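To keep things clear, I will list the structure first and then write my remarks on it.
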Amino acid sequence: MLQDFKKFQAQTSAHPMGIEVNYAKGSYIYDRQGKAYLDFVAGVSANVIGHQPPAVVAAIKDQLDRYMHVMVYGEFIQAPQVTLCQKLAKLLPGKLSVTYLVNSGTEATEGAMKLAKLYTGRPEIVAAHHSYHGNTQGSMSVMDYPERKNPFMPLIPGIRFINFNNFDNLNRITTKTAAVILETIQGGAGFIEPADGYLKAVKERCQQTGTLLILDEIQTGFARTGRMFGFEHYDVIPDIVITGKALGGGMPIGAFSSTPQIMQRLINPAMGHITTFGGHPVIAAAALATLEYIENNDLKSKALIKEQFIRQHLKHPLIKEIRGRGLMLSLILPREELANELVLRALKKGLILFWLLYEKRAVRITPPLTISEDELSKGINIILSILDEMHNEYL
């Protein structure tokens with residue numbers, strides 16, 4: 001199977017982890033030999049309520065018995081889509097009550113950028129250095145990381161960049177700017193939180209210039225940081241919010257939400273933004289079940305409690321810092337080679353960790369929000385044992 005995997009399936013890295021998955025349940029993934037791997041990554045923050053969550057599986061099976069794909073998104077009235085959008089309207093603050101459903105986070109980014117240009121009639125978008133909003137060409141245009149984007153140039157023109165958390169850069173937002181797009185917490189850059197008052201200052205500058213604020217909640221959304229949406233920590237409401245990952249409970253989905261006034265612009269030109277499978281009824285049913293589970297089990301507050309558990313017990317001289325909030329955390333080690341070794345050695349010991357895109361010293365910890373304290377303790381002990389080994393070998 002490994003040979004066929006490398007021969008027939010296009011590869012995205014030279015050295016994939018290569019676990020041959022047999023099944024997954026709860027906080028664990030099991031390979032073909034029966035080895036259990038404790039999952040501290042959760043499909044890169046996507047499996048928010050664990051693997052094979054019964055509520056989501058039941059919702060999928062129920063919808064499968066009714067119908068699957070019947071028509072391109074937005075033409076037929078399909079209860080799973082409508083009910084999901086209605087649920088999102090109740091969860092989102094302010095007037096963010098209308099949602100467009102798509103298939104992934106990067107598609108949501110594309111839709112949000114198009115919507116901002118449509119609504120404002122302006123050509124320019126401002127983004128942050130070391131941002132990550134997806135990997136299609138539009139999303140890559142607002143990613144300022146030359147190593148990854150230069151091979152695909154030219155991308156979309158009219159993009160300007162600012163430094164995240166730099167208040168002085170905000171004067172680069174002008175009356176020519178359609179939108180500012182930011183991750184609420186910068187993910188690939190190392191789980192960097194906004195400085196005190198920064199997002200409020202960005203919103204104020206946007207209001208002064210008639211610019212829309214787009215906040216990317218693809219990774220921070222749906223209780224991951226201890227609030228339903230990450231921006232709720234920082235006393236700001238965006239004009240457009242992008243979601244994905246955890247929304248599907250393990251199924252592929254994305255969405256962008258805004259006010260009725262802004263979203264109304266999508267009607268003209270007709271079919272200016274369309275999707276065949278966006279809002280797929282089976283996936284919409286899964287998403288609704290996921291949101292209900294998060295609410296009914298108070299996973300927001302539990303994420304904060306588990307964060308404190310991790311910070312209390314995961315201490316070591318090689319850990320220079322733990323960045324992030326809730327169960328969106330990254331360990332910052334002294335050097336890139338140590339981060340690599342930690343991920344690879346952990347895999348051998350049955351613990352799944354992962355890297356971040358740009359910050360090479362970082363190791364991701366984003367387990368399912370349903371992970372137990374016993375499971376957290378098990379993973380923490382594996383990490384500490386490896387750090388002890390590396391401390392003796394490298395220092």
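In the structure tokens, chains take the letters A, B, ... in the order shown, each chain's residues start at 1, and ligands count up from 1 in the order shown.
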- Distance query A:Pro93 at most 10 Å, only C-alpha atoms, self and fewer than 4 positions along chain excluded, as a PyMOL selection string: chain A and resi 88-89+97+229+232+236-238
message = I need the residues in stretch 6-51 of chain A that are helix (DSSP H, G or I) according to DSSP; give them as a list in words.
response =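 The helix (DSSP H, G or I) residues within stretch 6-51 of chain A come out as Lys6, Lys7, Phe8, Ala42, Gly43, Val44 and Ser45 of chain A.
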*asked:* At a cut-off of 10 Å, using only C-alpha atoms, what residues contact stretch 391-395 of chain A? Leave out same-chain residues fewer than 5 positions from it and give the result as a list of chain:residue names.
replied: A:His316, A:Pro317, A:Leu318, A:Glu337, A:Leu338, A:Ser385, A:Ile386
Quick one: everything within 12 Å of A:Gly324, counting only C-alpha atoms, minus sequence neighbours fewer than 3 positions away in the same chain. Send it as a PyMOL selection string.
chain A and resi 184-194+219-220+224-226+230+303-304+307-308+310-311+321+327-332+362-366
note - atom CA of A:Lys306 and atom CA of A:Ala223 are separated by 12.2 Å
Shortest contact to A:Asn171, candidates A:Tyr73, A:Pro157, A:Val126, A:Arg325, atoms counted only C-alpha atoms, goes to A:Val126
